[in-house]
Structure formats: structure tokens, C-alpha cells
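To start, the structure itself, in C-alpha cells.
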Amino acid sequence: VTSLRGEIAFEGVSFAYADEEEALTGIDLRIPAGQTVAFVGETGAGKSTLVKLVARFYDPTSGRITADGTDLRLLDRTAYRHRLGVVPQEAYLFEGTVRDAIAYGLPEASDAQVEAAARAAGAHEMIATLEDGYLHEIAERGRNLSAGQRQLIALARAELVDPDILLLDEATASLDLASEAQVNQATDRLAGRRTTLVVAHRLTTAARADRVVVMDRGRVAEDGTHDELLAREGTYARLWRTFIGEGIGEDTPAGV
Ligand SMILES: Nc1ncnc2c1ncn2[C@@H]1O[C@H](COP(=O)(O)OP(=O)(O)OP(=O)(O)O)[C@@H](O)[C@H]1O
Ligand SMILES: [Mg+2]
């Protein structure tokens, strides 16, 4: 797999962790190359699991997932993984420098490549504010960085591998408005014209996606654009109204 167009399809996909109940049931989705799809739904609905199957951390219990029409199980796992950018829900940062954290997926990257990736992801300015910049030492699990800073580094890390498919599991940690704006911008730049599956814990992310899929207890409950789902007056419309109702100023929904 040298490169992928990035069309992803789920065909009758079900999945259960070991002897547990099914975490995903009968998923059918066709995601055209280049589309950004946001997955929303309650905790435990199966959003992270669905993304992990695309990353091949697990394979379906039944059904299949294809990339450009080929069953993922028939692709060389290592080569396929090289075409993916994966930003997990809790980005794991090892002790080491910011530079090393960004270069994690491409250890041979030059300093210039690392900086270019950070710039492309919009993380460069934040890094410049850290003591020692790119040589800033990250403490165990990134304790000495804010949630927003950790996310920007994780996004720069994904950018560096220049993936065909981006899998982004948004962190649940809430961000202050400035960090949220930075992370949103970084996410949009990365999603660009790549196929992007983003688990959206922030509805502002869902609202900016090409398409929103609402998951409910392992199944697809709603699937459409933000506007279509609002018009449908279902789960998503309800979530959105709650979100707007909780908005506290001009920075919320109107400007999304
Ligand atoms: N490693 C695991 N082993 C066993 N069960 C798991 C594992 N990971 C998730 N599950 C179960 O699978 C179901 C789906 O979990 P998943 O993590 O996909 O939900 P989610 O939609 O991402 O939730 P959240 O919004 O809290 O991140 C849940 O019932 C969860 O308890
Ligand atoms: Mg999750």
C-alpha cells in the first residue's frame, strides 16, 4: 500500500470485545475519499471502537471494512498503518522532548520536517511559548502540558506522517475557548481534503464536518449533514439545542 485514495466502507460490521456484548452491530457506512465524518453519541455508544477497527487495532467479528474496495484484512497491516494518522482519545506522550513526541511516527524526520508539521498543524506558536521550545522536556504522560497543548502536539504528530486517512478521537477534556479555537483550526487543517473520521465530543466539531453520524448503543442512529439532522428533529437536533442553550456568549454556535 503506497498510497490510498481513502474511500472507507463498513459492510454489515459487528464487533464484540472478547466475551462481551456487541459493541458494534450491523454497521453499514460508505465514506467517500476526502470526506470528513463526525461521530457523535453517548458514552459507550461505540464511537472509539468504530475508529479502532479502521485502524486495525481489532478486526470485525462479522462483516468487513474496506479501503478503496479492499478488505483491510487483505492489506499489509504495517504498510496500511503508515497511510493512517491516528490521534487517540488520550494521546499518550512519552517522556522526552516535544520534538521527539511529534517525530514519534517518523523517527528519521529532520528538525525542519518536524517544524513544518507543527506549523501546518498550527502548533508552532504554542511550542515557541514553551521553555526550550521543541526541546522542552515532556513529563511522564504529559503532565506538564495543558490538555490543549497535548492535543496540538498529537495533531502535529499526525500531520508529520502526511496520512491518506485521518482518525481522530477527540479528547473529552474540556478546553478553554482560546485552546479550543486553536485545536479546532488544527483539526480543520489536518482534515483538509483527506478522508477523516473524527469522534466529536464537541458539537462545534460535528457542525463543521461534511457529515454527522449519530451512534446509539453500537448502531448508526442518524446519518446526514448537520443541517439535515437538525431538520430531522431527532437525537442530534436535541443535542444541538441543549448545546446552544448552554452557550454563554458570542463565541458559541452562531460563529461556528
Ligand atoms: N477494551 C475493551 N474491552 C472490553 N470492552 C470494551 C473495551 N473498550 C470499550 N469497551 C466497551 O465497548 C462499548 C463501546 O465503547 P467505546 O469506547 O467504543 O465507546 P465510546 O462511544 O467511544 O464512548 P466515549 O464517548 O465514552 O469515549 C462500551 O460498552 C465499552 O464498555
Ligand atoms: Mg471513546
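Going by the C-alpha cells order, chains are called A, B, ..., each with residues numbered from 1, while ligands are numbered from 1 in the order shown.
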
Using only C-alpha atoms and all ligand atoms, I'd like a table of the residues in chain A that come within 12 Å of ligand 2; for each, show the closest atom pair and its distance in Å rounded to one decimal, ordered by chain and ascending number, as a Markdown table.
```
| residue | atom | partner | partner_atom_place_in_ligand_line | distance |
| --- | --- | --- | --- | --- |
| A:Ala23 | CA | ligand 2 | 1 (Mg) | 11.6 |
| A:Phe39 | CA | ligand 2 | 1 (Mg) | 10.1 |
| A:Val40 | CA | ligand 2 | 1 (Mg) | 9.7 |
| A:Gly41 | CA | ligand 2 | 1 (Mg) | 9.6 |
| A:Glu42 | CA | ligand 2 | 1 (Mg) | 9.2 |
| A:Thr43 | CA | ligand 2 | 1 (Mg) | 6.8 |
| A:Gly44 | CA | ligand 2 | 1 (Mg) | 7.0 |
| A:Ala45 | CA | ligand 2 | 1 (Mg) | 8.2 |
| A:Gly46 | CA | ligand 2 | 1 (Mg) | 7.1 |
| A:Lys47 | CA | ligand 2 | 1 (Mg) | 5.6 |
| A:Ser48 | CA | ligand 2 | 1 (Mg) | 4.1 |
| A:Thr49 | CA | ligand 2 | 1 (Mg) | 7.2 |
| A:Leu50 | CA | ligand 2 | 1 (Mg) | 9.3 |
| A:Val51 | CA | ligand 2 | 1 (Mg) | 9.1 |
| A:Lys52 | CA | ligand 2 | 1 (Mg) | 9.8 |
| A:Val87 | CA | ligand 2 | 1 (Mg) | 11.9 |
| A:Pro88 | CA | ligand 2 | 1 (Mg) | 8.9 |
| A:Gln89 | CA | ligand 2 | 1 (Mg) | 6.5 |
| A:Glu90 | CA | ligand 2 | 1 (Mg) | 9.4 |
| A:Leu168 | CA | ligand 2 | 1 (Mg) | 10.5 |
| A:Asp169 | CA | ligand 2 | 1 (Mg) | 6.9 |
| A:Glu170 | CA | ligand 2 | 1 (Mg) | 8.2 |
| A:Ala171 | CA | ligand 2 | 1 (Mg) | 8.4 |
| A:Thr172 | CA | ligand 2 | 1 (Mg) | 8.4 |
| A:Ala173 | CA | ligand 2 | 1 (Mg) | 11.9 |
| A:Val198 | CA | ligand 2 | 1 (Mg) | 10.7 |
| A:Val199 | CA | ligand 2 | 1 (Mg) | 7.4 |
| A:Ala200 | CA | ligand 2 | 1 (Mg) | 9.3 |
| A:His201 | CA | ligand 2 | 1 (Mg) | 8.8 |
| A:Met215 | CA | ligand 2 | 1 (Mg) | 11.4 |
```

Please produce a file of the residues just selected, as a compact mmCIF listing (two decimals), in the first residue's frame, where the atoms kept are N, CA, C and O atoms.
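Contents of out_34.txt, as written:
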```
# COMPACT_ATOMS: atom_id res chain seq x y z
N ALA A 23 -20.24 -4.45 20.81
CA ALA A 23 -20.01 -3.01 20.94
C ALA A 23 -20.49 -2.32 19.66
O ALA A 23 -20.82 -1.13 19.68
N PHE A 39 -18.44 11.50 14.29
CA PHE A 39 -19.24 10.52 15.00
C PHE A 39 -19.59 11.09 16.37
O PHE A 39 -18.70 11.51 17.11
N VAL A 40 -20.88 11.12 16.67
CA VAL A 40 -21.31 11.61 17.98
C VAL A 40 -22.21 10.57 18.63
O VAL A 40 -22.71 9.66 17.96
N GLY A 41 -22.40 10.70 19.91
CA GLY A 41 -23.26 9.75 20.63
C GLY A 41 -22.82 9.63 22.07
O GLY A 41 -21.74 10.07 22.43
N GLU A 42 -23.69 9.00 22.86
CA GLU A 42 -23.42 8.89 24.30
C GLU A 42 -22.16 8.09 24.58
O GLU A 42 -21.70 7.33 23.74
N THR A 43 -21.68 8.22 25.79
CA THR A 43 -20.53 7.43 26.22
C THR A 43 -20.90 5.94 26.11
O THR A 43 -22.02 5.55 26.43
N GLY A 44 -19.98 5.17 25.56
CA GLY A 44 -20.21 3.74 25.39
C GLY A 44 -20.96 3.37 24.12
O GLY A 44 -21.24 2.19 23.88
N ALA A 45 -21.30 4.35 23.29
CA ALA A 45 -22.08 4.09 22.07
C ALA A 45 -21.29 3.31 21.02
O ALA A 45 -21.87 2.73 20.09
N GLY A 46 -19.96 3.31 21.13
CA GLY A 46 -19.16 2.55 20.16
C GLY A 46 -18.32 3.40 19.23
O GLY A 46 -17.71 2.88 18.28
N LYS A 47 -18.24 4.69 19.49
CA LYS A 47 -17.52 5.61 18.60
C LYS A 47 -16.03 5.27 18.51
O LYS A 47 -15.47 5.15 17.42
N SER A 48 -15.39 5.13 19.66
CA SER A 48 -13.96 4.83 19.65
C SER A 48 -13.71 3.45 19.05
O SER A 48 -12.74 3.24 18.32
N THR A 49 -14.59 2.52 19.36
CA THR A 49 -14.44 1.16 18.84
C THR A 49 -14.46 1.18 17.30
O THR A 49 -13.63 0.54 16.65
N LEU A 50 -15.40 1.93 16.75
CA LEU A 50 -15.53 2.01 15.30
C LEU A 50 -14.23 2.52 14.66
O LEU A 50 -13.73 1.97 13.67
N VAL A 51 -13.66 3.56 15.26
CA VAL A 51 -12.42 4.13 14.74
C VAL A 51 -11.25 3.14 14.92
O VAL A 51 -10.40 3.00 14.05
N LYS A 52 -11.25 2.41 16.04
CA LYS A 52 -10.18 1.43 16.27
C LYS A 52 -10.23 0.30 15.24
O LYS A 52 -9.19 -0.26 14.89
N VAL A 87 -5.00 9.90 15.95
CA VAL A 87 -4.93 10.73 17.16
C VAL A 87 -5.90 10.11 18.16
O VAL A 87 -7.10 10.27 18.03
N PRO A 88 -5.38 9.35 19.12
CA PRO A 88 -6.26 8.66 20.07
C PRO A 88 -6.92 9.61 21.05
O PRO A 88 -6.51 10.75 21.20
N GLN A 89 -7.97 9.10 21.72
CA GLN A 89 -8.75 9.92 22.65
C GLN A 89 -7.84 10.51 23.74
O GLN A 89 -7.97 11.67 24.07
N GLU A 90 -6.95 9.71 24.27
CA GLU A 90 -5.97 10.22 25.23
C GLU A 90 -4.60 10.03 24.59
O GLU A 90 -4.03 8.96 24.69
N LEU A 168 -9.36 10.54 14.19
CA LEU A 168 -9.16 11.49 15.28
C LEU A 168 -10.21 11.25 16.35
O LEU A 168 -11.39 11.39 16.10
N ASP A 169 -9.76 10.84 17.51
CA ASP A 169 -10.69 10.61 18.62
C ASP A 169 -10.51 11.78 19.58
O ASP A 169 -9.57 11.82 20.36
N GLU A 170 -11.42 12.72 19.45
CA GLU A 170 -11.29 13.96 20.22
C GLU A 170 -11.22 13.67 21.72
O GLU A 170 -11.99 12.85 22.22
N ALA A 171 -10.34 14.38 22.40
CA ALA A 171 -10.23 14.21 23.85
C ALA A 171 -11.50 14.73 24.50
O ALA A 171 -12.12 15.67 24.02
N THR A 172 -11.88 14.12 25.61
CA THR A 172 -13.09 14.56 26.31
C THR A 172 -12.80 15.76 27.20
O THR A 172 -13.70 16.49 27.56
N ALA A 173 -11.51 15.93 27.56
CA ALA A 173 -11.15 17.05 28.43
C ALA A 173 -11.66 18.36 27.83
O ALA A 173 -11.54 18.58 26.63
N VAL A 198 -13.72 11.57 12.61
CA VAL A 198 -13.45 12.25 13.88
C VAL A 198 -14.56 11.94 14.88
O VAL A 198 -15.74 12.10 14.59
N VAL A 199 -14.16 11.41 16.03
CA VAL A 199 -15.10 11.23 17.12
C VAL A 199 -15.21 12.58 17.79
O VAL A 199 -14.24 13.11 18.31
N ALA A 200 -16.42 13.16 17.72
CA ALA A 200 -16.59 14.54 18.16
C ALA A 200 -17.26 14.59 19.52
O ALA A 200 -18.41 14.20 19.68
N HIS A 201 -16.50 15.02 20.51
CA HIS A 201 -17.11 15.25 21.82
C HIS A 201 -17.59 16.69 21.92
O HIS A 201 -18.36 17.04 22.80
N MET A 215 -24.25 7.71 16.77
CA MET A 215 -24.21 6.31 17.21
C MET A 215 -25.06 6.17 18.46
O MET A 215 -25.09 7.05 19.31
```

TODO: Write out as a list in words which residues come within 10 Å of Arg99 of chain A when counting only C-alpha atoms, dropping same-chain ones fewer than 2 positions away.
DONE: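 Here the qualifying residues turn out to be Gly96, Thr97, Ala101, Ile102, Ala103, Tyr104, Pro107, Ala109, Ser110, Asp111, Val114, Glu115, Ala118, Ile127, Gly133, Tyr134, Leu135, His136, Glu137, Ile138, Ile153 and Arg157 of chain A.
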
Would you mind exporting the chosen residues as a PDB file, in the first residue's frame, restricted to N, CA and C atoms?
```
ATOM      1  N   GLY A  96      10.263  12.788  27.171  1.00  0.00           N
ATOM      2  CA  GLY A  96      11.165  13.112  26.076  1.00  0.00           C
ATOM      3  C   GLY A  96      10.858  14.515  25.630  1.00  0.00           C
ATOM      4  N   THR A  97      11.459  14.951  24.538  1.00  0.00           N
ATOM      5  CA  THR A  97      11.226  16.316  24.102  1.00  0.00           C
ATOM      6  C   THR A  97       9.969  16.415  23.245  1.00  0.00           C
ATOM      7  N   ALA A 101       8.247  13.779  20.538  1.00  0.00           N
ATOM      8  CA  ALA A 101       6.826  13.424  20.595  1.00  0.00           C
ATOM      9  C   ALA A 101       6.188  13.602  19.217  1.00  0.00           C
ATOM     10  N   ILE A 102       6.570  14.654  18.519  1.00  0.00           N
ATOM     11  CA  ILE A 102       5.999  14.896  17.182  1.00  0.00           C
ATOM     12  C   ILE A 102       6.557  13.885  16.185  1.00  0.00           C
ATOM     13  N   ALA A 103       7.846  13.542  16.330  1.00  0.00           N
ATOM     14  CA  ALA A 103       8.514  12.650  15.370  1.00  0.00           C
ATOM     15  C   ALA A 103       8.200  11.174  15.621  1.00  0.00           C
ATOM     16  N   TYR A 104       7.338  10.901  16.593  1.00  0.00           N
ATOM     17  CA  TYR A 104       7.059   9.526  17.021  1.00  0.00           C
ATOM     18  C   TYR A 104       6.763   8.563  15.847  1.00  0.00           C
ATOM     19  N   PRO A 107      10.521   8.592  13.027  1.00  0.00           N
ATOM     20  CA  PRO A 107      11.694   8.919  13.868  1.00  0.00           C
ATOM     21  C   PRO A 107      12.848   9.527  13.075  1.00  0.00           C
ATOM     22  N   ALA A 109      12.665  11.768  10.889  1.00  0.00           N
ATOM     23  CA  ALA A 109      12.342  13.120  10.423  1.00  0.00           C
ATOM     24  C   ALA A 109      13.410  14.130  10.875  1.00  0.00           C
ATOM     25  N   SER A 110      13.696  15.084  10.002  1.00  0.00           N
ATOM     26  CA  SER A 110      14.646  16.144  10.355  1.00  0.00           C
ATOM     27  C   SER A 110      13.942  17.198  11.212  1.00  0.00           C
ATOM     28  N   ASP A 111      14.734  18.041  11.869  1.00  0.00           N
ATOM     29  CA  ASP A 111      14.150  19.128  12.653  1.00  0.00           C
ATOM     30  C   ASP A 111      13.255  20.004  11.779  1.00  0.00           C
ATOM     31  N   VAL A 114       9.942  18.347  11.253  1.00  0.00           N
ATOM     32  CA  VAL A 114       9.147  18.398  12.475  1.00  0.00           C
ATOM     33  C   VAL A 114       8.521  19.784  12.616  1.00  0.00           C
ATOM     34  N   GLU A 115       9.338  20.809  12.374  1.00  0.00           N
ATOM     35  CA  GLU A 115       8.809  22.167  12.500  1.00  0.00           C
ATOM     36  C   GLU A 115       7.741  22.452  11.444  1.00  0.00           C
ATOM     37  N   ALA A 118       4.571  20.927  12.571  1.00  0.00           N
ATOM     38  CA  ALA A 118       3.987  21.702  13.671  1.00  0.00           C
ATOM     39  C   ALA A 118       3.337  22.974  13.127  1.00  0.00           C
ATOM     40  N   ILE A 127       4.296  25.929  20.731  1.00  0.00           N
ATOM     41  CA  ILE A 127       5.585  25.318  21.103  1.00  0.00           C
ATOM     42  C   ILE A 127       6.627  26.398  21.390  1.00  0.00           C
ATOM     43  N   GLY A 133      11.332  25.488  23.828  1.00  0.00           N
ATOM     44  CA  GLY A 133      10.648  25.232  22.564  1.00  0.00           C
ATOM     45  C   GLY A 133      10.563  23.752  22.221  1.00  0.00           C
ATOM     46  N   TYR A 134      11.069  23.384  21.036  1.00  0.00           N
ATOM     47  CA  TYR A 134      10.985  21.993  20.586  1.00  0.00           C
ATOM     48  C   TYR A 134      11.772  21.044  21.487  1.00  0.00           C
ATOM     49  N   LEU A 135      12.692  21.600  22.273  1.00  0.00           N
ATOM     50  CA  LEU A 135      13.492  20.756  23.172  1.00  0.00           C
ATOM     51  C   LEU A 135      12.910  20.730  24.586  1.00  0.00           C
ATOM     52  N   HIS A 136      11.712  21.292  24.729  1.00  0.00           N
ATOM     53  CA  HIS A 136      11.012  21.249  26.013  1.00  0.00           C
ATOM     54  C   HIS A 136      10.834  19.786  26.425  1.00  0.00           C
ATOM     55  N   GLU A 137      11.164  19.492  27.682  1.00  0.00           N
ATOM     56  CA  GLU A 137      11.038  18.115  28.170  1.00  0.00           C
ATOM     57  C   GLU A 137       9.612  17.848  28.653  1.00  0.00           C
ATOM     58  N   ILE A 138       8.997  16.857  28.067  1.00  0.00           N
ATOM     59  CA  ILE A 138       7.648  16.480  28.476  1.00  0.00           C
ATOM     60  C   ILE A 138       7.754  15.538  29.669  1.00  0.00           C
ATOM     61  N   ILE A 153       0.082  18.866  19.985  1.00  0.00           N
ATOM     62  CA  ILE A 153       1.255  18.028  19.703  1.00  0.00           C
ATOM     63  C   ILE A 153       0.820  16.731  19.008  1.00  0.00           C
ATOM     64  N   ARG A 157       1.922  15.511  15.304  1.00  0.00           N
ATOM     65  CA  ARG A 157       2.446  14.158  15.113  1.00  0.00           C
ATOM     66  C   ARG A 157       1.733  13.477  13.927  1.00  0.00           C
TER      67      ARG A 157
END
```

- [ ] Mind giving me the straight-line distance from atom CA of Arg143 of chain A to atom CA of Leu175 of chain A in Å, one decimal?
- [x] 15.3 Å

Task: Residue nearest Gly192 of chain A among A:Ser62, A:Tyr17, A:Gln35, A:Asp28 (counting only C-alpha atoms) - done: A:Gln35

- [ ] From a DSSP calculation on the backbone, collect every residue of segment 56-245 of chain A in alpha helix (DSSP H) and output the set as JSON, numbers by chain.
- [x] {"A": [77, 78, 79, 80, 81, 82, 98, 99, 100, 101, 102, 111, 112, 113, 114, 115, 116, 117, 118, 119, 120, 121, 124, 125, 126, 127, 128, 147, 148, 149, 150, 151, 152, 153, 154, 155, 156, 157, 158, 159, 160, 177, 178, 179, 180, 181, 182, 183, 184, 185, 186, 187, 188, 189, 190, 191, 203, 204, 205, 206, 207, 208, 226, 227, 228, 229, 230, 231, 232, 235, 236, 237, 238, 239, 240, 241, 242, 243, 244, 245]}

Open item on the list: Nearest residue to ligand 1 out of A:Gly224, A:Gly218, A:Gly26, A:Gly85, using only C-alpha atoms and all ligand atoms?
Closed with: A:Gly218

Open item on the list: I need the residue nearest ligand 1 from this list: A:Ile27, A:Leu53, A:Ala67, A:Ala112. Use only C-alpha atoms and all ligand atoms for the distance.
Closed with: A:Leu53

- [ ] Could you jot down the atom 12 (O, counted along the ligand's line) of ligand 1 to atom CA of Pro60 of chain A separation for me, Å, one decimal place?
- [x]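 Separating atom 12 (O, counted along the ligand's line) of ligand 1 from atom CA of Pro60 of chain A is a distance of 13.1 Å.
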
- [ ] Between A:Leu239, A:Ala206, A:Val54, A:Val37, single out the one closest to Tyr80 of chain A, counting only C-alpha atoms.
- [x]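 With only C-alpha atoms as the atom set, the closest residue is A:Val54.
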
Neighbouring residues of Leu106 of chain A were defined as those with any atom within 10 Å, considering only C-alpha atoms; residues of the same chain fewer than 6 positions away were excluded. Please report them as a PDB file with C-alpha atoms, in the first residue's frame.
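And here is the file that came out, out01.pdb:
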```
ATOM      1  CA  HIS A  82       1.723   4.018   7.510  1.00  0.00           C
ATOM      2  CA  ASP A 100      10.531  13.507  19.788  1.00  0.00           C
ATOM      3  CA  GLN A 113      10.285  18.433   8.860  1.00  0.00           C
ATOM      4  CA  VAL A 114       9.147  18.398  12.475  1.00  0.00           C
ATOM      5  CA  ARG A 157       2.446  14.158  15.113  1.00  0.00           C
ATOM      6  CA  ALA A 158      -0.342  13.029  12.783  1.00  0.00           C
ATOM      7  CA  LEU A 160       4.108  14.662  10.041  1.00  0.00           C
ATOM      8  CA  VAL A 161       3.213  11.278   8.543  1.00  0.00           C
TER       9      VAL A 161
END
```

Open item on the list: At a cut-off of 9 Å, using only C-alpha atoms, what residues contact segment 180-190 of chain A? Leave out same-chain residues fewer than 5 positions from it and give the result as a ChimeraX atom specification.
Closed with: /A:120-123,148-149,151-152,155-156,158-159,162,166,168,174-175,196,204-205,208-209
